[in-house]
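S.K.: Contents of data13.cif (mmCIF, C-alpha atoms):
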```
data_data
#
loop_
_atom_site.label_atom_id
_atom_site.label_comp_id
_atom_site.auth_asym_id
_atom_site.auth_seq_id
_atom_site.Cartn_x
_atom_site.Cartn_y
_atom_site.Cartn_z
CA MET A 1 182.30 110.01 115.94
CA THR A 2 181.24 108.35 119.15
CA GLU A 3 180.95 110.28 122.34
CA ASN A 4 179.57 109.31 125.66
CA PHE A 5 176.66 111.44 126.83
CA ASN A 6 175.87 109.60 130.03
CA HIS A 7 176.77 112.67 132.05
CA ILE A 8 173.91 114.67 130.52
CA LEU A 9 170.75 114.03 132.50
CA LEU A 10 167.45 115.16 131.04
CA PHE A 11 164.09 115.53 132.77
CA LYS A 12 160.55 116.53 132.06
CA THR A 13 159.45 118.82 134.89
CA ASN A 14 156.73 121.20 136.01
CA VAL A 15 159.23 123.98 136.69
CA ASN A 16 157.59 126.77 134.72
CA CYS A 17 158.35 130.22 136.03
CA ALA A 18 161.29 132.40 136.89
CA GLY A 19 160.58 131.92 140.60
CA ASP A 20 160.89 128.17 140.25
CA LYS A 21 164.12 128.68 138.40
CA LEU A 22 165.51 130.79 141.22
CA LEU A 23 164.73 128.04 143.69
CA LEU A 24 166.52 125.54 141.46
CA GLN A 25 169.46 127.86 141.44
CA THR A 26 169.74 127.69 145.22
CA ILE A 27 169.49 123.90 145.08
CA PHE A 28 171.89 123.24 142.21
CA ASP A 29 174.48 125.99 142.40
CA SER A 30 175.63 124.83 145.81
CA ASN A 31 175.94 121.21 144.67
CA PRO A 32 179.54 120.41 143.67
CA ALA A 33 178.41 117.27 141.82
CA ILE A 34 176.57 119.42 139.29
CA GLU A 35 178.83 120.87 136.62
CA GLN A 36 176.14 122.73 134.70
CA TRP A 37 172.40 122.94 134.63
CA SER A 38 169.71 124.72 132.69
CA VAL A 39 165.96 124.61 132.39
CA ASP A 40 164.05 125.47 129.23
CA LEU A 41 161.05 127.43 130.48
CA GLU A 42 159.81 127.95 126.93
CA ASP A 43 159.41 124.27 126.30
CA GLU A 44 156.17 122.43 126.94
CA ASP A 45 158.08 119.76 128.85
CA CYS A 46 160.03 122.40 130.83
CA VAL A 47 163.13 120.34 130.19
CA LEU A 48 165.73 120.34 132.92
CA ARG A 49 169.23 119.54 131.71
CA ILE A 50 171.94 118.63 134.16
CA VAL A 51 175.57 117.86 133.51
CA SER A 52 176.93 115.64 136.25
CA TYR A 53 179.49 112.86 136.26
CA SER A 54 178.35 111.34 139.51
CA LEU A 55 174.63 111.89 140.06
CA THR A 56 171.94 109.56 138.75
CA HIS A 57 168.52 110.38 137.32
CA GLN A 58 166.92 108.93 140.43
CA GLN A 59 168.91 111.20 142.76
CA ILE A 60 167.85 114.31 140.86
CA ILE A 61 164.21 113.19 140.77
CA GLU A 62 164.23 112.67 144.54
CA LEU A 63 165.86 116.06 145.06
CA LEU A 64 163.20 117.83 143.03
CA ASN A 65 160.34 115.86 144.53
CA LYS A 66 161.58 116.87 147.97
CA HIS A 67 161.11 120.52 146.95
CA GLY A 68 157.62 119.83 145.64
CA TYR A 69 158.29 119.53 141.91
CA ASN A 70 157.28 116.81 139.53
CA CYS A 71 160.17 115.42 137.63
CA CYS A 72 160.72 112.38 135.44
CA GLU A 73 163.39 111.25 133.07
CA LEU A 74 162.99 112.58 129.54
CA THR A 75 163.40 109.76 127.08
CA MET B 1 174.79 105.01 125.66
CA ARG B 2 173.76 107.83 123.37
CA THR B 3 176.12 108.63 120.55
CA ARG B 4 176.71 111.69 118.47
CA ASN B 5 175.64 111.24 114.90
CA ALA B 6 176.84 113.76 112.34
CA ASP B 7 174.04 112.97 109.88
CA LYS B 8 171.44 113.45 112.54
CA GLU B 9 173.02 116.74 113.62
CA GLN B 10 172.95 117.95 110.04
CA LEU B 11 169.31 116.90 109.72
CA VAL B 12 168.46 118.81 112.90
CA LYS B 13 170.14 121.99 111.64
CA GLN B 14 168.63 121.84 108.20
CA THR B 15 165.15 121.08 109.52
CA ALA B 16 165.36 123.89 112.07
CA ILE B 17 166.28 126.38 109.34
CA ASP B 18 163.46 125.11 107.10
CA MET B 19 160.93 125.42 109.91
CA ILE B 20 162.04 128.91 110.95
CA VAL B 21 162.05 130.15 107.36
CA LYS B 22 158.58 128.71 106.79
CA SER B 23 156.82 129.62 110.04
CA GLY B 24 159.01 132.13 111.80
CA LEU B 25 160.74 132.02 115.17
CA GLU B 26 157.62 132.41 117.29
CA GLY B 27 156.03 129.04 116.69
CA PHE B 28 159.33 127.21 116.66
CA SER B 29 159.86 124.76 119.51
CA MET B 30 162.14 121.89 120.43
CA ASN B 31 159.13 119.56 120.45
CA LYS B 32 158.06 120.47 116.94
CA LEU B 33 161.63 120.20 115.71
CA ALA B 34 162.07 116.76 117.27
CA LYS B 35 158.83 115.56 115.68
CA ALA B 36 159.81 116.91 112.27
CA CYS B 37 163.18 115.15 112.51
CA LYS B 38 161.57 111.97 113.86
CA ILE B 39 163.93 111.94 116.84
CA SER B 40 163.23 112.18 120.54
CA VAL B 41 163.22 115.53 122.29
CA ALA B 42 165.86 114.13 124.60
CA THR B 43 168.26 113.75 121.69
CA LEU B 44 167.90 117.44 120.91
CA TYR B 45 168.66 118.35 124.49
CA ILE B 46 171.80 116.28 124.36
CA TYR B 47 173.15 118.57 121.67
CA TYR B 48 171.65 121.84 122.85
CA LYS B 49 170.87 123.34 126.24
CA ASP B 50 167.61 124.90 125.18
CA ARG B 51 165.77 126.53 122.30
CA ASP B 52 167.87 129.70 122.46
CA ASP B 53 171.09 127.72 122.50
CA LEU B 54 169.97 125.77 119.44
CA ILE B 55 168.92 128.82 117.44
CA LEU B 56 172.06 130.75 118.30
CA ASN B 57 174.32 127.83 117.48
CA ILE B 58 172.73 127.32 114.10
CA ALA B 59 172.77 131.07 113.46
CA MET B 60 176.47 131.39 114.30
CA GLU B 61 177.41 128.42 112.18
CA SER B 62 175.41 129.69 109.22
CA GLY B 63 176.82 133.18 109.68
CA LYS B 64 180.34 131.82 109.63
CA LEU B 65 179.52 129.89 106.47
CA MET B 66 178.29 133.07 104.83
CA SER B 67 181.15 135.22 105.99
CA ASP B 68 183.71 132.67 104.73
CA ALA B 69 181.94 132.42 101.37
CA VAL B 70 181.74 136.19 100.95
CA ILE B 71 185.39 136.92 101.69
CA LYS B 72 186.69 133.95 99.68
CA ASN B 73 189.23 135.06 97.05
CA PHE B 74 188.45 138.63 97.94
CA ASP B 75 191.37 140.99 98.36
CA PRO B 76 190.46 144.34 99.96
CA GLU B 77 193.32 145.92 98.01
CA LEU B 78 191.61 145.26 94.67
CA PRO B 79 190.53 148.16 92.45
CA PHE B 80 186.92 149.16 93.09
CA GLU B 81 185.17 147.52 90.16
CA ASP B 82 187.11 144.23 90.41
CA GLY B 83 186.59 144.05 94.15
CA LEU B 84 182.91 144.76 93.96
CA ARG B 85 182.50 142.22 91.14
CA GLN B 86 184.13 139.54 93.29
CA GLN B 87 181.78 140.51 96.10
CA TRP B 88 178.74 140.16 93.89
CA LYS B 89 180.00 136.82 92.58
CA ASN B 90 180.60 135.49 96.07
CA ARG B 91 177.34 136.75 97.51
CA TYR B 92 175.32 135.57 94.54
CA LYS B 93 176.95 132.13 94.61
CA PHE B 94 176.20 131.84 98.31
CA MET B 95 172.56 132.76 97.74
CA VAL B 96 172.19 130.18 94.98
CA GLU B 97 173.88 127.47 97.04
CA HIS B 98 172.03 128.29 100.26
CA PRO B 99 168.70 129.81 99.22
CA LYS B 100 167.16 129.35 102.67
CA LEU B 101 169.92 130.98 104.67
CA ASN B 102 169.23 134.54 103.54
CA LEU B 103 165.61 134.11 104.59
CA PHE B 104 166.81 132.64 107.87
CA PHE B 105 169.05 135.67 108.47
CA GLU B 106 166.05 137.91 107.73
CA GLN B 107 164.15 136.19 110.52
CA LEU B 108 167.04 136.73 112.91
CA ARG B 109 167.36 140.37 111.96
CA SER B 110 164.14 141.30 113.73
CA SER B 111 164.73 139.03 116.71
CA SER B 112 166.44 139.19 120.07
CA TYR B 113 169.16 136.90 118.70
CA GLN B 114 170.47 139.48 116.29
CA GLU B 115 172.97 141.17 118.54
CA GLU B 116 174.72 138.04 119.67
CA PHE B 117 174.57 136.68 116.16
CA LEU B 118 176.33 139.71 114.71
CA SER B 119 178.97 139.94 117.38
CA GLY B 120 179.94 136.33 116.72
CA PHE B 121 180.91 135.87 113.14
CA LEU B 122 181.22 139.38 111.84
CA GLN B 123 184.63 140.40 113.13
CA GLU B 124 186.91 139.34 110.28
CA PHE B 125 184.21 140.01 107.73
CA LYS B 126 183.74 143.56 108.97
CA ILE B 127 187.47 144.28 108.91
CA VAL B 128 187.87 143.10 105.30
CA MET B 129 184.77 144.94 104.10
CA SER B 130 185.59 148.25 105.73
CA ARG B 131 189.21 148.00 104.57
CA PHE B 132 187.96 147.73 100.98
CA MET B 133 185.63 150.69 101.36
CA GLN B 134 188.38 152.79 102.95
CA ASN B 135 190.81 151.89 100.18
CA VAL B 136 188.54 152.84 97.32
CA MET B 137 187.68 156.14 98.98
CA GLU B 138 191.30 156.94 99.80
CA ARG B 139 192.27 156.26 96.20
CA GLY B 140 189.46 158.54 95.09
CA GLU B 141 187.72 155.84 93.06
CA VAL B 142 184.56 156.39 95.03
CA ALA B 143 183.43 159.64 96.66
CA GLU B 144 183.36 159.90 100.46
CA MET B 145 179.95 158.90 101.76
CA ALA B 146 178.30 157.35 104.77
CA PHE B 147 178.86 153.62 105.09
CA GLU B 148 175.10 153.05 104.94
CA THR B 149 174.84 154.96 101.67
CA TYR B 150 177.69 152.97 100.21
CA TRP B 151 176.26 149.64 101.33
CA SER B 152 172.76 150.44 100.12
CA ILE B 153 173.96 151.27 96.63
CA ALA B 154 176.59 148.56 96.43
CA PHE B 155 174.55 145.60 97.66
CA SER B 156 170.85 146.29 98.09
CA PRO B 157 170.15 145.90 94.35
CA LEU B 158 171.68 142.42 94.47
CA TYR B 159 169.50 141.43 97.41
CA SER B 160 166.38 142.83 95.74
CA LEU B 161 167.06 140.79 92.62
CA ALA B 162 167.70 137.71 94.73
CA ARG B 163 164.42 138.22 96.55
CA PHE B 164 162.47 138.58 93.29
CA ASP B 165 164.19 135.46 92.01
CA ASN B 166 163.46 133.55 95.18
CA GLU B 167 159.80 134.47 95.11
CA GLY B 168 159.68 133.84 91.37
CA LYS B 169 157.99 137.17 90.79
CA SER B 170 158.74 140.87 90.93
CA MET B 171 156.51 143.90 91.46
CA GLY B 172 152.82 143.30 90.83
CA GLY B 173 153.30 139.52 90.64
CA LYS B 174 155.10 139.65 87.31
CA PRO B 175 157.02 136.36 86.83
CA PHE B 176 160.75 136.81 87.27
CA LYS B 177 163.82 134.65 86.96
CA LEU B 178 167.23 136.15 87.58
CA THR B 179 169.56 135.68 84.62
CA ASP B 180 173.27 136.46 84.37
CA ASP B 181 172.41 139.24 81.93
CA VAL B 182 170.13 141.00 84.38
CA LEU B 183 172.53 140.42 87.25
CA TRP B 184 175.60 141.86 85.53
CA ASN B 185 173.66 144.64 83.87
CA THR B 186 172.51 145.72 87.32
CA PHE B 187 176.07 145.44 88.54
CA ASP B 188 177.30 147.77 85.80
CA LEU B 189 174.72 150.35 86.85
CA VAL B 190 175.81 150.05 90.46
CA VAL B 191 179.42 150.64 89.47
CA LYS B 192 178.37 153.62 87.39
CA ALA B 193 176.50 155.07 90.35
CA LEU B 194 179.38 154.71 92.78
CA LYS B 195 182.47 155.28 90.67
CA LYS B 196 183.63 158.84 90.41
#
```
Could you quickly redo this structure as structure tokens?

M.R.:
Amino acid sequence: MTENFNHILLFKTNVNCAGDKLLLQTIFDSNPAIEQWSVDLEDEDCVLRIVSYSLTHQQIIELLNKHGYNCCELT
Amino acid sequence: MRTRNADKEQLVKQTAIDMIVKSGLEGFSMNKLAKACKISVATLYIYYKDRDDLILNIAMESGKLMSDAVIKNFDPELPFEDGLRQQWKNRYKFMVEHPKLNLFFEQLRSSSYQEEFLSGFLQEFKIVMSRFMQNVMERGEVAEMAFETYWSIAFSPLYSLARFDNEGKSMGGKPFKLTDDVLWNTFDLVVKALKK
């Protein structure tokens, strides 16, 4: 079975508390290009997972950097 | 492009169950799981949103597997002894074929996942099981009693034997291996206890 997963964007971040998550909510929920998002606060990499068919990794990284978070692509 | 790989998915599920059974839910993390499977953490996050999503997915799938195995060839209209025998056969077969899953379910039982886990797969299972209990009580084969009493007598002995067998020893460290003789002898005593 082959499926394309290019619309799932994964990042290592320093988002690590519920407050940070709330801020992300205000950023992402209002963005129509983002279908779904979640952040795993229990993980050591605080993995941010975004489902988007139009945004690129770079665009998300810039968006988070602008709000003062570190963010890089999880490979 | 990343692709979905059924073998890899199976490896992830099996390894997660092994790790949780061995070390519990607390120390379990996506990072450790990825390392154990020799895959990248990113691959795990392709399949699952987060740790909770992964655990719940595996729990639901395993629960469904169990529920299907337990109600296979089981007719809730069967007479008490025949029905219960089929139940013991099915449950015992499942335990032998999936020795880790019962231990995995034990871990879930005391966790925050339990509620969601139960609400998922149990619907059909619950209906069939309670129908059988109702039937045997209505027919007067078994005296009226609380569900918990019924369940404890009907199935706890089987799970105790399975646990002894799994650990390879019974009370006081005495070596133990479950044989068909012991299993069905216990079953006969259970029937004797419940049947009017």

S.K.: Would you mind listing, as number ranges by chain, all residues of chain A that have at least one atom within 8 Å of chain B, where only C-alpha atoms are what counts?

M.R.: A: 1-6, 8, 10, 38-40, 42-44, 49, 74-75

S.K.: Can you list what the PyMOL selection byres ((chain A and resi 71) around 9) grabs from this structure, as a list in words?

M.R.: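 Output from the PyMOL selection byres ((chain A and resi 71) around 9), applied to this file: Phe11, Lys12, Thr13, Asn14, Val15, Leu48, Ile60, Ile61, Glu62, Leu64, Asn65, Tyr69, Asn70, Cys72 and Glu73 of chain A.
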
S.K.: Atoms to include: C-alpha atoms. Write the selected residues as a PDB file, in the coordinates of the input.

M.R.:
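Printed below is selection-v9.pdb as written:
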```pdb
ATOM      1  CA  PHE A  11     164.090 115.530 132.770  1.00  0.00           C
ATOM      2  CA  LYS A  12     160.550 116.530 132.060  1.00  0.00           C
ATOM      3  CA  THR A  13     159.450 118.820 134.890  1.00  0.00           C
ATOM      4  CA  ASN A  14     156.730 121.200 136.010  1.00  0.00           C
ATOM      5  CA  VAL A  15     159.230 123.980 136.690  1.00  0.00           C
ATOM      6  CA  LEU A  48     165.730 120.340 132.920  1.00  0.00           C
ATOM      7  CA  ILE A  60     167.850 114.310 140.860  1.00  0.00           C
ATOM      8  CA  ILE A  61     164.210 113.190 140.770  1.00  0.00           C
ATOM      9  CA  GLU A  62     164.230 112.670 144.540  1.00  0.00           C
ATOM     10  CA  LEU A  64     163.200 117.830 143.030  1.00  0.00           C
ATOM     11  CA  ASN A  65     160.340 115.860 144.530  1.00  0.00           C
ATOM     12  CA  TYR A  69     158.290 119.530 141.910  1.00  0.00           C
ATOM     13  CA  ASN A  70     157.280 116.810 139.530  1.00  0.00           C
ATOM     14  CA  CYS A  72     160.720 112.380 135.440  1.00  0.00           C
ATOM     15  CA  GLU A  73     163.390 111.250 133.070  1.00  0.00           C
TER      16      GLU A  73
END
```

S.K.: List the neighbours of Thr26 of chain A out to 12 Å using only C-alpha atoms; skip same-chain residues closer than 6 positions along the sequence, and give me the result as a PyMOL selection string.

M.R.: chain A and resi 19-20+37+67

S.K.: Check which residues satisfy the PyMOL selection byres ((chain B and resi 68-80) around 12) in the file shown, then give them as a VMD selection string.

M.R.: chain B and resid 61 to 67 81 to 98 121 to 143 154 190 to 192 194 to 196

S.K.: With distances taken over all atoms listed in the file, which of A:Leu24, A:Ala33, A:Leu9, A:Ala18 is nearest to His57 of chain A?

M.R.: A:Leu9

S.K.: What does the distance from atom CA of Ile27 of chain A to atom CA of Gln59 of chain A come to in Å, to one decimal?

M.R.: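 Computing it gives 12.9 Å between the two atoms.
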
S.K.: Since I can't run it myself right now, could you work out what the PyMOL selection byres ((chain B and resi 116) around 12) selects here and report it as a count of residues only?

M.R.: 21

S.K.: Rounded to one decimal place, report the atom CA of Val21 of chain B-atom CA of Phe105 of chain B distance in Å.

M.R.: 9.0 Å

S.K.: Would you mind reading off the distance between atom CA of Leu23 of chain A and atom CA of Val47 of chain A, one decimal, in Å?

M.R.: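 Value for the atom CA of Leu23 of chain A-atom CA of Val47 of chain A distance: 15.6 Å.
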
S.K.: Compare A:Gly68, A:Leu41, A:Ile50, A:Gln58 by their minimum atom-to-atom distance to Phe28 of chain A, counting all atoms listed in the file, and give me the closest one.

M.R.: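 Using all atoms listed in the file, Phe28 of chain A sits closest to A:Ile50.
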
S.K.: Met171 of chain B: which residues within 12 Å, counting only C-alpha atoms, same-chain residues fewer than 6 positions away excluded, as an MDAnalysis selection string?

M.R.: chainID B and resid 160:161 163:165

S.K.: Next, dump the selected residues to file, keeping only C-alpha atoms, as a PDB file, in the frame of the given file.

M.R.:
```pdb
ATOM      1  CA  SER B 160     166.380 142.830  95.740  1.00  0.00           C
ATOM      2  CA  LEU B 161     167.060 140.790  92.620  1.00  0.00           C
ATOM      3  CA  ARG B 163     164.420 138.220  96.550  1.00  0.00           C
ATOM      4  CA  PHE B 164     162.470 138.580  93.290  1.00  0.00           C
ATOM      5  CA  ASP B 165     164.190 135.460  92.010  1.00  0.00           C
TER       6      ASP B 165
END
```

S.K.: Select, from A:Lys21, A:Lys66, A:His7, A:Gln36, the residue with the minimum atom-to-atom distance to Ser54 of chain A, counting all atoms listed in the file.

M.R.: A:His7

S.K.: Which residue is closest to Ile17 of chain B? Choose from B:Leu183, B:Gly172, B:Tyr159, B:Leu101 and count all atoms listed in the file.

M.R.: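 Of B:Leu183, B:Gly172, B:Tyr159, B:Leu101, the one nearest Ile17 of chain B is B:Leu101, counting all atoms listed in the file.
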